[in-house]
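Enquirer: One structure coming up, written as structure tokens, with questions to follow.
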Amino acid sequence: MSGLVSHFRRRARHAARAAAFTVAGVIFGMAGLAFLTVALWILIATYESALVAHAVIGALYLLLGICFLAFGGQSTGPETAPQPATPKEPLLQVAEAFAVGLNAGRAARAPRS
């Protein structure tokens with residue numbers, strides 16, 4: 001029983017560590033994106049106006065959002081369960097079972113070479 005408990009503790013510890021690294025990665029990624037956004041705004045505002053800088057950055061984020069929504073909406077595999085085979089008629093199943101049994105009996109009696 002203690003092996004089972006230690007297994008669950010180990011899995012929980014690994015899941016917590018993975019979650020912590022994921023959260024840290026998201027935070028650092030968002031901070032980097034914020035710095036890059038400010039740098040792009042300063043660059044565009046230097047050569048153009050602040051209005052153009054806001055429009056360009058807004059359009060860029062809108063385009064990125066649309067792309068992520070499009071990629072997130074794609075399905076990677078079949079979402080529906082495969083349809084079960086249509087059931088055969090009971091008499092047809094009996095006849096098929098009889099034929100299979102008859103062939104098995106003939107094969108058992110046939111001399112082996």
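A note on labels: chains of the structure tokens are A, B, ... as shown, every chain counts residues from 1, and ligands are counted from 1 in their shown order.
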According to DSSP computed on the backbone, where in chain A is there alpha helix (DSSP H)? Give the residues as an mmCIF file with N, CA, C and O atoms, in the first residue's frame.

Expert:
data_model
loop_
_atom_site.group_PDB
_atom_site.id
_atom_site.type_symbol
_atom_site.label_atom_id
_atom_site.label_comp_id
_atom_site.auth_asym_id
_atom_site.auth_seq_id
_atom_site.Cartn_x
_atom_site.Cartn_y
_atom_site.Cartn_z
ATOM 1 N N SER A 2 2.007 1.182 0.735
ATOM 2 C CA SER A 2 2.869 2.358 0.800
ATOM 3 C C SER A 2 3.502 2.642 -0.557
ATOM 4 O O SER A 2 3.815 3.784 -0.866
ATOM 5 N N GLY A 3 3.699 1.603 -1.377
ATOM 6 C CA GLY A 3 4.226 1.806 -2.721
ATOM 7 C C GLY A 3 3.260 2.599 -3.582
ATOM 8 O O GLY A 3 3.668 3.442 -4.380
ATOM 9 N N LEU A 4 1.985 2.341 -3.405
ATOM 10 C CA LEU A 4 0.964 3.058 -4.152
ATOM 11 C C LEU A 4 0.908 4.524 -3.731
ATOM 12 O O LEU A 4 0.830 5.425 -4.567
ATOM 13 N N VAL A 5 1.002 4.764 -2.422
ATOM 14 C CA VAL A 5 0.974 6.133 -1.904
ATOM 15 C C VAL A 5 2.208 6.899 -2.375
ATOM 16 O O VAL A 5 2.126 8.052 -2.799
ATOM 17 N N SER A 6 3.371 6.255 -2.317
ATOM 18 C CA SER A 6 4.592 6.938 -2.766
ATOM 19 C C SER A 6 4.543 7.213 -4.264
ATOM 20 O O SER A 6 5.059 8.232 -4.721
ATOM 21 N N HIS A 7 3.931 6.317 -5.007
ATOM 22 C CA HIS A 7 3.768 6.551 -6.451
ATOM 23 C C HIS A 7 2.902 7.785 -6.704
ATOM 24 O O HIS A 7 3.245 8.624 -7.545
ATOM 25 N N PHE A 8 1.803 7.903 -5.980
ATOM 26 C CA PHE A 8 0.925 9.072 -6.148
ATOM 27 C C PHE A 8 1.622 10.358 -5.693
ATOM 28 O O PHE A 8 1.461 11.408 -6.314
ATOM 29 N N ARG A 9 2.402 10.270 -4.625
ATOM 30 C CA ARG A 9 3.144 11.455 -4.165
ATOM 31 C C ARG A 9 4.170 11.892 -5.208
ATOM 32 O O ARG A 9 4.344 13.078 -5.465
ATOM 33 N N ARG A 10 4.858 10.932 -5.797
ATOM 34 C CA ARG A 10 5.848 11.246 -6.817
ATOM 35 C C ARG A 10 5.184 11.875 -8.044
ATOM 36 O O ARG A 10 5.682 12.849 -8.593
ATOM 37 N N ARG A 11 4.049 11.319 -8.460
ATOM 38 C CA ARG A 11 3.329 11.887 -9.605
ATOM 39 C C ARG A 11 2.820 13.289 -9.303
ATOM 40 O O ARG A 11 2.880 14.179 -10.152
ATOM 41 N N ALA A 12 2.347 13.509 -8.072
ATOM 42 C CA ALA A 12 1.870 14.839 -7.678
ATOM 43 C C ALA A 12 3.014 15.836 -7.642
ATOM 44 O O ALA A 12 2.880 16.987 -8.066
ATOM 45 N N ARG A 13 4.185 15.389 -7.160
ATOM 46 C CA ARG A 13 5.352 16.263 -7.109
ATOM 47 C C ARG A 13 5.801 16.639 -8.520
ATOM 48 O O ARG A 13 6.109 17.797 -8.797
ATOM 49 N N HIS A 14 5.808 15.675 -9.432
ATOM 50 C CA HIS A 14 6.180 15.967 -10.817
ATOM 51 C C HIS A 14 5.169 16.902 -11.484
ATOM 52 O O HIS A 14 5.550 17.805 -12.237
ATOM 53 N N ALA A 15 3.886 16.698 -11.204
ATOM 54 C CA ALA A 15 2.855 17.569 -11.785
ATOM 55 C C ALA A 15 2.976 18.992 -11.245
ATOM 56 O O ALA A 15 2.834 19.962 -12.002
ATOM 57 N N ALA A 16 3.267 19.116 -9.951
ATOM 58 C CA ALA A 16 3.420 20.451 -9.363
ATOM 59 C C ALA A 16 4.645 21.149 -9.934
ATOM 60 O O ALA A 16 4.607 22.349 -10.229
ATOM 61 N N ARG A 17 5.732 20.404 -10.106
ATOM 62 C CA ARG A 17 6.942 21.003 -10.680
ATOM 63 C C ARG A 17 6.686 21.445 -12.126
ATOM 64 O O ARG A 17 7.093 22.537 -12.528
ATOM 65 N N ALA A 18 5.995 20.612 -12.908
ATOM 66 C CA ALA A 18 5.693 20.972 -14.287
ATOM 67 C C ALA A 18 4.788 22.200 -14.346
ATOM 68 O O ALA A 18 4.985 23.094 -15.178
ATOM 69 N N ALA A 19 3.817 22.267 -13.451
ATOM 70 C CA ALA A 19 2.921 23.425 -13.425
ATOM 71 C C ALA A 19 3.673 24.694 -13.041
ATOM 72 O O ALA A 19 3.455 25.767 -13.617
ATOM 73 N N ALA A 20 4.592 24.579 -12.077
ATOM 74 C CA ALA A 20 5.364 25.754 -11.652
ATOM 75 C C ALA A 20 6.251 26.265 -12.777
ATOM 76 O O ALA A 20 6.324 27.477 -13.020
ATOM 77 N N PHE A 21 6.905 25.361 -13.494
ATOM 78 C CA PHE A 21 7.740 25.791 -14.608
ATOM 79 C C PHE A 21 6.907 26.379 -15.739
ATOM 80 O O PHE A 21 7.330 27.329 -16.404
ATOM 81 N N THR A 22 5.724 25.847 -15.959
ATOM 82 C CA THR A 22 4.844 26.383 -16.994
ATOM 83 C C THR A 22 4.404 27.797 -16.642
ATOM 84 O O THR A 22 4.427 28.699 -17.490
ATOM 85 N N VAL A 23 4.000 28.019 -15.396
ATOM 86 C CA VAL A 23 3.582 29.352 -14.960
ATOM 87 C C VAL A 23 4.742 30.338 -15.063
ATOM 88 O O VAL A 23 4.580 31.463 -15.542
ATOM 89 N N ALA A 24 5.934 29.907 -14.643
ATOM 90 C CA ALA A 24 7.111 30.783 -14.740
ATOM 91 C C ALA A 24 7.419 31.113 -16.191
ATOM 92 O O ALA A 24 7.743 32.260 -16.529
ATOM 93 N N GLY A 25 7.297 30.131 -17.073
ATOM 94 C CA GLY A 25 7.538 30.366 -18.498
ATOM 95 C C GLY A 25 6.541 31.345 -19.087
ATOM 96 O O GLY A 25 6.906 32.222 -19.881
ATOM 97 N N VAL A 26 5.282 31.226 -18.704
ATOM 98 C CA VAL A 26 4.257 32.153 -19.201
ATOM 99 C C VAL A 26 4.524 33.567 -18.693
ATOM 100 O O VAL A 26 4.420 34.544 -19.444
ATOM 101 N N ILE A 27 4.897 33.703 -17.427
ATOM 102 C CA ILE A 27 5.175 35.035 -16.860
ATOM 103 C C ILE A 27 6.368 35.681 -17.562
ATOM 104 O O ILE A 27 6.310 36.843 -17.968
ATOM 105 N N PHE A 28 7.462 34.922 -17.733
ATOM 106 C CA PHE A 28 8.633 35.482 -18.408
ATOM 107 C C PHE A 28 8.325 35.792 -19.875
ATOM 108 O O PHE A 28 8.804 36.795 -20.421
ATOM 109 N N GLY A 29 7.545 34.950 -20.509
ATOM 110 C CA GLY A 29 7.163 35.206 -21.901
ATOM 111 C C GLY A 29 6.326 36.467 -22.040
ATOM 112 O O GLY A 29 6.522 37.259 -22.976
ATOM 113 N N MET A 30 5.401 36.671 -21.117
ATOM 114 C CA MET A 30 4.572 37.881 -21.166
ATOM 115 C C MET A 30 5.401 39.129 -20.886
ATOM 116 O O MET A 30 5.184 40.176 -21.505
ATOM 117 N N ALA A 31 6.372 39.025 -19.961
ATOM 118 C CA ALA A 31 7.247 40.166 -19.686
ATOM 119 C C ALA A 31 8.080 40.504 -20.918
ATOM 120 O O ALA A 31 8.240 41.680 -21.282
ATOM 121 N N GLY A 32 8.602 39.493 -21.575
ATOM 122 C CA GLY A 32 9.363 39.719 -22.802
ATOM 123 C C GLY A 32 8.514 40.327 -23.893
ATOM 124 O O GLY A 32 8.954 41.233 -24.629
ATOM 125 N N LEU A 33 7.275 39.865 -24.022
ATOM 126 C CA LEU A 33 6.365 40.425 -25.016
ATOM 127 C C LEU A 33 6.050 41.882 -24.705
ATOM 128 O O LEU A 33 5.968 42.716 -25.620
ATOM 129 N N ALA A 34 5.920 42.213 -23.438
ATOM 130 C CA ALA A 34 5.659 43.605 -23.057
ATOM 131 C C ALA A 34 6.841 44.498 -23.430
ATOM 132 O O ALA A 34 6.658 45.587 -23.988
ATOM 133 N N PHE A 35 8.071 44.036 -23.147
ATOM 134 C CA PHE A 35 9.252 44.828 -23.503
ATOM 135 C C PHE A 35 9.374 44.992 -25.013
ATOM 136 O O PHE A 35 9.715 46.073 -25.515
ATOM 137 N N LEU A 36 9.112 43.921 -25.760
ATOM 138 C CA LEU A 36 9.180 44.028 -27.218
ATOM 139 C C LEU A 36 8.101 44.954 -27.766
ATOM 140 O O LEU A 36 8.327 45.685 -28.735
ATOM 141 N N THR A 37 6.933 44.952 -27.147
ATOM 142 C CA THR A 37 5.866 45.851 -27.570
ATOM 143 C C THR A 37 6.272 47.309 -27.339
ATOM 144 O O THR A 37 6.087 48.159 -28.213
ATOM 145 N N VAL A 38 6.853 47.593 -26.189
ATOM 146 C CA VAL A 38 7.296 48.967 -25.898
ATOM 147 C C VAL A 38 8.400 49.382 -26.867
ATOM 148 O O VAL A 38 8.401 50.505 -27.392
ATOM 149 N N ALA A 39 9.328 48.459 -27.146
ATOM 150 C CA ALA A 39 10.407 48.785 -28.081
ATOM 151 C C ALA A 39 9.862 49.055 -29.482
ATOM 152 O O ALA A 39 10.295 49.999 -30.161
ATOM 153 N N LEU A 40 8.906 48.250 -29.921
ATOM 154 C CA LEU A 40 8.307 48.480 -31.239
ATOM 155 C C LEU A 40 7.551 49.803 -31.266
ATOM 156 O O LEU A 40 7.616 50.547 -32.250
ATOM 157 N N TRP A 41 6.846 50.103 -30.183
ATOM 158 C CA TRP A 41 6.103 51.369 -30.134
ATOM 159 C C TRP A 41 7.068 52.554 -30.212
ATOM 160 O O TRP A 41 6.825 53.513 -30.933
ATOM 161 N N ILE A 42 8.183 52.500 -29.479
ATOM 162 C CA ILE A 42 9.165 53.588 -29.504
ATOM 163 C C ILE A 42 9.753 53.732 -30.906
ATOM 164 O O ILE A 42 9.911 54.848 -31.415
ATOM 165 N N LEU A 43 10.057 52.603 -31.547
ATOM 166 C CA LEU A 43 10.630 52.646 -32.888
ATOM 167 C C LEU A 43 9.664 53.279 -33.886
ATOM 168 O O LEU A 43 10.049 54.168 -34.655
ATOM 169 N N ILE A 44 8.408 52.847 -33.869
ATOM 170 C CA ILE A 44 7.432 53.394 -34.822
ATOM 171 C C ILE A 44 7.122 54.843 -34.490
ATOM 172 O O ILE A 44 7.006 55.691 -35.382
ATOM 173 N N ALA A 45 6.987 55.165 -33.200
ATOM 174 C CA ALA A 45 6.669 56.539 -32.807
ATOM 175 C C ALA A 45 7.810 57.487 -33.152
ATOM 176 O O ALA A 45 7.575 58.671 -33.410
ATOM 177 N N THR A 46 9.042 56.995 -33.187
ATOM 178 C CA THR A 46 10.177 57.838 -33.550
ATOM 179 C C THR A 46 10.117 58.231 -35.019
ATOM 180 O O THR A 46 10.366 59.388 -35.380
ATOM 181 N N TYR A 47 9.785 57.294 -35.870
ATOM 182 C CA TYR A 47 9.769 57.564 -37.307
ATOM 183 C C TYR A 47 8.417 58.053 -37.812
ATOM 184 O O TYR A 47 8.331 58.706 -38.839
ATOM 185 N N ALA A 50 2.537 58.728 -32.825
ATOM 186 C CA ALA A 50 2.040 57.794 -31.818
ATOM 187 C C ALA A 50 0.781 57.086 -32.301
ATOM 188 O O ALA A 50 0.557 55.914 -31.991
ATOM 189 N N LEU A 51 -0.026 57.784 -33.076
ATOM 190 C CA LEU A 51 -1.249 57.180 -33.607
ATOM 191 C C LEU A 51 -0.913 56.012 -34.532
ATOM 192 O O LEU A 51 -1.532 54.945 -34.454
ATOM 193 N N VAL A 52 0.067 56.177 -35.387
ATOM 194 C CA VAL A 52 0.477 55.100 -36.288
ATOM 195 C C VAL A 52 1.055 53.940 -35.477
ATOM 196 O O VAL A 52 0.787 52.770 -35.773
ATOM 197 N N ALA A 53 1.829 54.251 -34.446
ATOM 198 C CA ALA A 53 2.406 53.200 -33.609
ATOM 199 C C ALA A 53 1.307 52.371 -32.937
ATOM 200 O O ALA A 53 1.368 51.136 -32.924
ATOM 201 N N HIS A 54 0.307 53.052 -32.402
ATOM 202 C CA HIS A 54 -0.811 52.319 -31.778
ATOM 203 C C HIS A 54 -1.552 51.476 -32.800
ATOM 204 O O HIS A 54 -1.927 50.331 -32.514
ATOM 205 N N ALA A 55 -1.774 52.011 -33.969
ATOM 206 C CA ALA A 55 -2.504 51.270 -35.003
ATOM 207 C C ALA A 55 -1.718 50.036 -35.453
ATOM 208 O O ALA A 55 -2.296 48.946 -35.618
ATOM 209 N N VAL A 56 -0.425 50.174 -35.641
ATOM 210 C CA VAL A 56 0.388 49.045 -36.100
ATOM 211 C C VAL A 56 0.442 47.952 -35.034
ATOM 212 O O VAL A 56 0.250 46.766 -35.334
ATOM 213 N N ILE A 57 0.683 48.333 -33.802
ATOM 214 C CA ILE A 57 0.775 47.336 -32.734
ATOM 215 C C ILE A 57 -0.590 46.679 -32.495
ATOM 216 O O ILE A 57 -0.682 45.465 -32.294
ATOM 217 N N GLY A 58 -1.656 47.446 -32.538
ATOM 218 C CA GLY A 58 -2.987 46.871 -32.388
ATOM 219 C C GLY A 58 -3.307 45.897 -33.507
ATOM 220 O O GLY A 58 -3.867 44.821 -33.276
ATOM 221 N N ALA A 59 -2.961 46.256 -34.735
ATOM 222 C CA ALA A 59 -3.203 45.354 -35.862
ATOM 223 C C ALA A 59 -2.363 44.086 -35.740
ATOM 224 O O ALA A 59 -2.834 42.985 -36.062
ATOM 225 N N LEU A 60 -1.130 44.239 -35.262
ATOM 226 C CA LEU A 60 -0.267 43.073 -35.080
ATOM 227 C C LEU A 60 -0.862 42.114 -34.055
ATOM 228 O O LEU A 60 -0.934 40.903 -34.289
ATOM 229 N N TYR A 61 -1.312 42.641 -32.925
ATOM 230 C CA TYR A 61 -1.909 41.772 -31.904
ATOM 231 C C TYR A 61 -3.231 41.173 -32.383
ATOM 232 O O TYR A 61 -3.544 40.020 -32.061
ATOM 233 N N LEU A 62 -3.990 41.918 -33.137
ATOM 234 C CA LEU A 62 -5.236 41.379 -33.679
ATOM 235 C C LEU A 62 -4.941 40.225 -34.632
ATOM 236 O O LEU A 62 -5.594 39.178 -34.579
ATOM 237 N N LEU A 63 -3.957 40.393 -35.484
ATOM 238 C CA LEU A 63 -3.576 39.336 -36.426
ATOM 239 C C LEU A 63 -3.067 38.104 -35.676
ATOM 240 O O LEU A 63 -3.437 36.972 -36.012
ATOM 241 N N LEU A 64 -2.238 38.309 -34.664
ATOM 242 C CA LEU A 64 -1.754 37.178 -33.865
ATOM 243 C C LEU A 64 -2.906 36.456 -33.160
ATOM 244 O O LEU A 64 -2.936 35.231 -33.091
ATOM 245 N N GLY A 65 -3.846 37.231 -32.627
ATOM 246 C CA GLY A 65 -4.998 36.618 -31.960
ATOM 247 C C GLY A 65 -5.837 35.790 -32.907
ATOM 248 O O GLY A 65 -6.267 34.683 -32.575
ATOM 249 N N ILE A 66 -6.054 36.296 -34.112
ATOM 250 C CA ILE A 66 -6.837 35.556 -35.109
ATOM 251 C C ILE A 66 -6.109 34.269 -35.497
ATOM 252 O O ILE A 66 -6.729 33.208 -35.631
ATOM 253 N N CYS A 67 -4.784 34.369 -35.668
ATOM 254 C CA CYS A 67 -4.004 33.169 -36.017
ATOM 255 C C CYS A 67 -4.081 32.119 -34.912
ATOM 256 O O CYS A 67 -4.284 30.932 -35.187
ATOM 257 N N PHE A 68 -3.924 32.544 -33.664
ATOM 258 C CA PHE A 68 -4.001 31.586 -32.559
ATOM 259 C C PHE A 68 -5.391 30.978 -32.436
ATOM 260 O O PHE A 68 -5.537 29.791 -32.141
ATOM 261 N N LEU A 69 -6.421 31.774 -32.662
ATOM 262 C CA LEU A 69 -7.781 31.224 -32.626
ATOM 263 C C LEU A 69 -7.999 30.225 -33.753
ATOM 264 O O LEU A 69 -8.660 29.204 -33.578
ATOM 265 N N ALA A 70 -7.444 30.523 -34.926
ATOM 266 C CA ALA A 70 -7.601 29.599 -36.052
ATOM 267 C C ALA A 70 -6.864 28.289 -35.783
ATOM 268 O O ALA A 70 -7.397 27.209 -36.051
ATOM 269 N N PHE A 71 -5.636 28.386 -35.244
ATOM 270 C CA PHE A 71 -4.892 27.163 -34.958
ATOM 271 C C PHE A 71 -5.516 26.393 -33.800
ATOM 272 O O PHE A 71 -5.493 25.169 -33.786
ATOM 273 N N GLY A 72 -6.064 27.092 -32.838
ATOM 274 C CA GLY A 72 -6.698 26.421 -31.705
ATOM 275 C C GLY A 72 -7.994 25.739 -32.077
ATOM 276 O O GLY A 72 -8.401 24.772 -31.445
ATOM 277 N N GLY A 73 -8.654 26.212 -33.116
ATOM 278 C CA GLY A 73 -9.929 25.635 -33.523
ATOM 279 C C GLY A 73 -9.794 24.421 -34.402
ATOM 280 O O GLY A 73 -10.763 23.712 -34.638
ATOM 281 N N PRO A 90 -30.251 -12.094 -37.197
ATOM 282 C CA PRO A 90 -29.933 -13.265 -36.363
ATOM 283 C C PRO A 90 -29.823 -14.565 -37.167
ATOM 284 O O PRO A 90 -28.929 -15.370 -36.921
ATOM 285 N N LEU A 91 -30.671 -14.747 -38.144
ATOM 286 C CA LEU A 91 -30.606 -15.979 -38.942
ATOM 287 C C LEU A 91 -29.326 -16.016 -39.769
ATOM 288 O O LEU A 91 -28.736 -17.077 -39.972
ATOM 289 N N LEU A 92 -28.883 -14.853 -40.252
ATOM 290 C CA LEU A 92 -27.647 -14.785 -41.011
ATOM 291 C C LEU A 92 -26.453 -15.119 -40.118
ATOM 292 O O LEU A 92 -25.520 -15.816 -40.541
ATOM 293 N N GLN A 93 -26.494 -14.665 -38.871
ATOM 294 C CA GLN A 93 -25.413 -14.988 -37.937
ATOM 295 C C GLN A 93 -25.376 -16.484 -37.632
ATOM 296 O O GLN A 93 -24.308 -17.082 -37.524
ATOM 297 N N VAL A 94 -26.533 -17.107 -37.493
ATOM 298 C CA VAL A 94 -26.596 -18.552 -37.229
ATOM 299 C C VAL A 94 -26.034 -19.311 -38.416
ATOM 300 O O VAL A 94 -25.243 -20.255 -38.267
ATOM 301 N N ALA A 95 -26.411 -18.903 -39.633
ATOM 302 C CA ALA A 95 -25.912 -19.582 -40.830
ATOM 303 C C ALA A 95 -24.400 -19.406 -40.968
ATOM 304 O O ALA A 95 -23.671 -20.346 -41.332
ATOM 305 N N GLU A 96 -23.908 -18.224 -40.663
ATOM 306 C CA GLU A 96 -22.473 -17.975 -40.742
ATOM 307 C C GLU A 96 -21.729 -18.816 -39.713
ATOM 308 O O GLU A 96 -20.676 -19.396 -40.003
ATOM 309 N N ALA A 97 -22.258 -18.904 -38.491
ATOM 310 C CA ALA A 97 -21.625 -19.712 -37.454
ATOM 311 C C ALA A 97 -21.619 -21.186 -37.848
ATOM 312 O O ALA A 97 -20.631 -21.898 -37.623
ATOM 313 N N PHE A 98 -22.698 -21.635 -38.462
ATOM 314 C CA PHE A 98 -22.764 -23.028 -38.915
ATOM 315 C C PHE A 98 -21.710 -23.288 -39.982
ATOM 316 O O PHE A 98 -21.011 -24.309 -39.941
ATOM 317 N N ALA A 99 -21.566 -22.379 -40.930
ATOM 318 C CA ALA A 99 -20.582 -22.562 -41.999
ATOM 319 C C ALA A 99 -19.155 -22.556 -41.443
ATOM 320 O O ALA A 99 -18.312 -23.354 -41.860
ATOM 321 N N VAL A 100 -18.885 -21.683 -40.495
ATOM 322 C CA VAL A 100 -17.549 -21.630 -39.887
ATOM 323 C C VAL A 100 -17.283 -22.922 -39.142
ATOM 324 O O VAL A 100 -16.185 -23.506 -39.239
ATOM 325 N N GLY A 101 -18.244 -23.418 -38.400
ATOM 326 C CA GLY A 101 -18.077 -24.678 -37.672
ATOM 327 C C GLY A 101 -17.904 -25.856 -38.608
ATOM 328 O O GLY A 101 -17.095 -26.753 -38.357
ATOM 329 N N LEU A 102 -18.656 -25.880 -39.704
ATOM 330 C CA LEU A 102 -18.549 -26.950 -40.683
ATOM 331 C C LEU A 102 -17.151 -26.959 -41.303
ATOM 332 O O LEU A 102 -16.524 -28.017 -41.425
ATOM 333 N N ASN A 103 -16.651 -25.812 -41.665
ATOM 334 C CA ASN A 103 -15.292 -25.729 -42.235
ATOM 335 C C ASN A 103 -14.235 -26.126 -41.209
ATOM 336 O O ASN A 103 -13.243 -26.766 -41.556
ATOM 337 N N ALA A 104 -14.430 -25.761 -39.944
ATOM 338 C CA ALA A 104 -13.479 -26.148 -38.904
ATOM 339 C C ALA A 104 -13.485 -27.660 -38.716
ATOM 340 O O ALA A 104 -12.427 -28.275 -38.538
ATOM 341 N N GLY A 105 -14.662 -28.275 -38.768
ATOM 342 C CA GLY A 105 -14.750 -29.730 -38.644
ATOM 343 C C GLY A 105 -14.083 -30.430 -39.813
ATOM 344 O O GLY A 105 -13.377 -31.432 -39.632
ATOM 345 N N ARG A 106 -14.288 -29.945 -41.026
ATOM 346 C CA ARG A 106 -13.640 -30.541 -42.201
ATOM 347 C C ARG A 106 -12.121 -30.398 -42.109
ATOM 348 O O ARG A 106 -11.383 -31.298 -42.469
ATOM 349 N N ALA A 107 -11.677 -29.235 -41.653
ATOM 350 C CA ALA A 107 -10.234 -29.035 -41.545
ATOM 351 C C ALA A 107 -9.628 -29.947 -40.488
ATOM 352 O O ALA A 107 -8.491 -30.401 -40.617
ATOM 353 N N ALA A 108 -10.374 -30.259 -39.430
ATOM 354 C CA ALA A 108 -9.871 -31.140 -38.385
ATOM 355 C C ALA A 108 -9.790 -32.578 -38.857
ATOM 356 O O ALA A 108 -8.910 -33.324 -38.453
ATOM 357 N N ARG A 109 -10.709 -33.015 -39.749
ATOM 358 C CA ARG A 109 -10.703 -34.378 -40.246
ATOM 359 C C ARG A 109 -9.730 -34.581 -41.387
ATOM 360 O O ARG A 109 -9.327 -35.691 -41.668
#
